[in-house]
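> The structure is given below, and queries will be raised subsequently.
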Amino acid sequence: MLSTTLFYIFSIIIVLSCLGVVSSKNPVYSVLFLILAFINSAILFLFLNAEFLAMLLIVVYVGAVAVLFLFVVMMLNVKNEEKNIKFQKYTPFTLLIVTVVFVEILYIFVSDDVILKNISLSENLSFKNNTIFLGNILYTDYFLLFQISGIILLVAMIGAIVLTLRSRTGVRKQVINKQISTSKSDVIEIAKVKSGDGA
């Protein structure tokens, strides 16, 4: 009874936090609501005895992603940018995305649970430790999907580097080969000054 009550309490907090993320006009508050939703989701993972996923959610999403969002939002001049953006022109696109997500959620509720039954028949469920179970099921049953997601992230990282790496005129860069091949005589000049001739 107590666990059920706590589950509903934390679930309501998550739903309210998600509403705060999308409805808050201040982007800093939106990121703070997002952090609150992540923390409560980690608590729900603890209720499922999935300690590894809970700590992963805290360390990766709260500790890295959400804090990065917060720093980026605080560094941007958001108030001046908001005046120049007309939110009305994005309304049809937003409604399209909401409709697609709603249809997908409705499909999950209506469709049968064949996929869940196939997962429950896996031999990896015999492990009691959820970290061992997660590693085994990722590297056996879903190995191909796991590797494809890694390749997609690698391509995204290379694309971000290529897009931001631009050669601009007038910008001084560090050239490692020139630094290594430089001799002492190229950068140091020893001047012999007679006594009394100095400045």
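Letters A, B, ... go to the chains of the structure tokens in the order shown; residues in each chain start at 1; ligands are counted from 1 in the same order.
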Which neighbours of stretch 29-32 of chain A fall inside 6 Å, counting only C-alpha atoms, when residues of the same chain fewer than 4 positions from it are skipped, and could you give them as a PDB file with all heavy atoms, in the first residue's frame?

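Dumped to result-v3.pdb:
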```pdb
ATOM      1  N   VAL A  21       7.751  21.987 -17.869  1.00  0.00           N
ATOM      2  CA  VAL A  21       8.792  22.139 -18.891  1.00  0.00           C
ATOM      3  C   VAL A  21       8.229  22.800 -20.142  1.00  0.00           C
ATOM      4  O   VAL A  21       8.840  23.711 -20.717  1.00  0.00           O
ATOM      5  CB  VAL A  21       9.405  20.762 -19.225  1.00  0.00           C
ATOM      6  CG1 VAL A  21      10.299  20.855 -20.449  1.00  0.00           C
ATOM      7  CG2 VAL A  21      10.201  20.234 -18.055  1.00  0.00           C
ATOM      8  N   SER A  24       6.326  26.637 -19.163  1.00  0.00           N
ATOM      9  CA  SER A  24       7.036  27.748 -18.538  1.00  0.00           C
ATOM     10  C   SER A  24       7.589  28.685 -19.605  1.00  0.00           C
ATOM     11  O   SER A  24       8.178  28.242 -20.594  1.00  0.00           O
ATOM     12  CB  SER A  24       8.170  27.215 -17.650  1.00  0.00           C
ATOM     13  OG  SER A  24       8.874  28.278 -17.063  1.00  0.00           O
ATOM     14  N   LEU A  70      21.118  23.964 -18.935  1.00  0.00           N
ATOM     15  CA  LEU A  70      20.961  25.116 -18.039  1.00  0.00           C
ATOM     16  C   LEU A  70      22.031  26.162 -18.305  1.00  0.00           C
ATOM     17  O   LEU A  70      21.739  27.362 -18.383  1.00  0.00           O
ATOM     18  CB  LEU A  70      21.018  24.636 -16.590  1.00  0.00           C
ATOM     19  CG  LEU A  70      20.745  25.676 -15.511  1.00  0.00           C
ATOM     20  CD1 LEU A  70      19.338  26.228 -15.651  1.00  0.00           C
ATOM     21  CD2 LEU A  70      20.936  25.079 -14.137  1.00  0.00           C
TER      22      LEU A  70
END
```
> Would you list the contacts of stretch 52-62 of chain A as a PyMOL selection string, taking every protein, DNA or RNA residue within 10 Å and counting only C-alpha atoms, but skipping same-chain residues closer than 2 positions in sequence?
chain A and resi 31-32+34-50+64-69+129-132+134
> Which value, in Å to one decimal, gives the distance between atom CA of A:Ala160 and atom CA of A:Ile180?
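Between these atoms lies a distance of 29.2 Å.
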> Work out how far apart atom CA of A:Val28 and atom CA of A:Val72 are and give it in Å to one decimal.
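Separating atom CA of A:Val28 from atom CA of A:Val72 is a distance of 9.6 Å.
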> Record the distance separating atom CA of A:Tyr139 and atom CA of A:Ile158, expressed in Å with one decimal.
24.7 Å
> Taking the DSSP assignment computed from this structure's backbone, write out as a ChimeraX atom specification all residues of stretch 130-198 of chain A that belong to helix (DSSP H, G or I).
/A:130-139,143-164,176-181,184-187
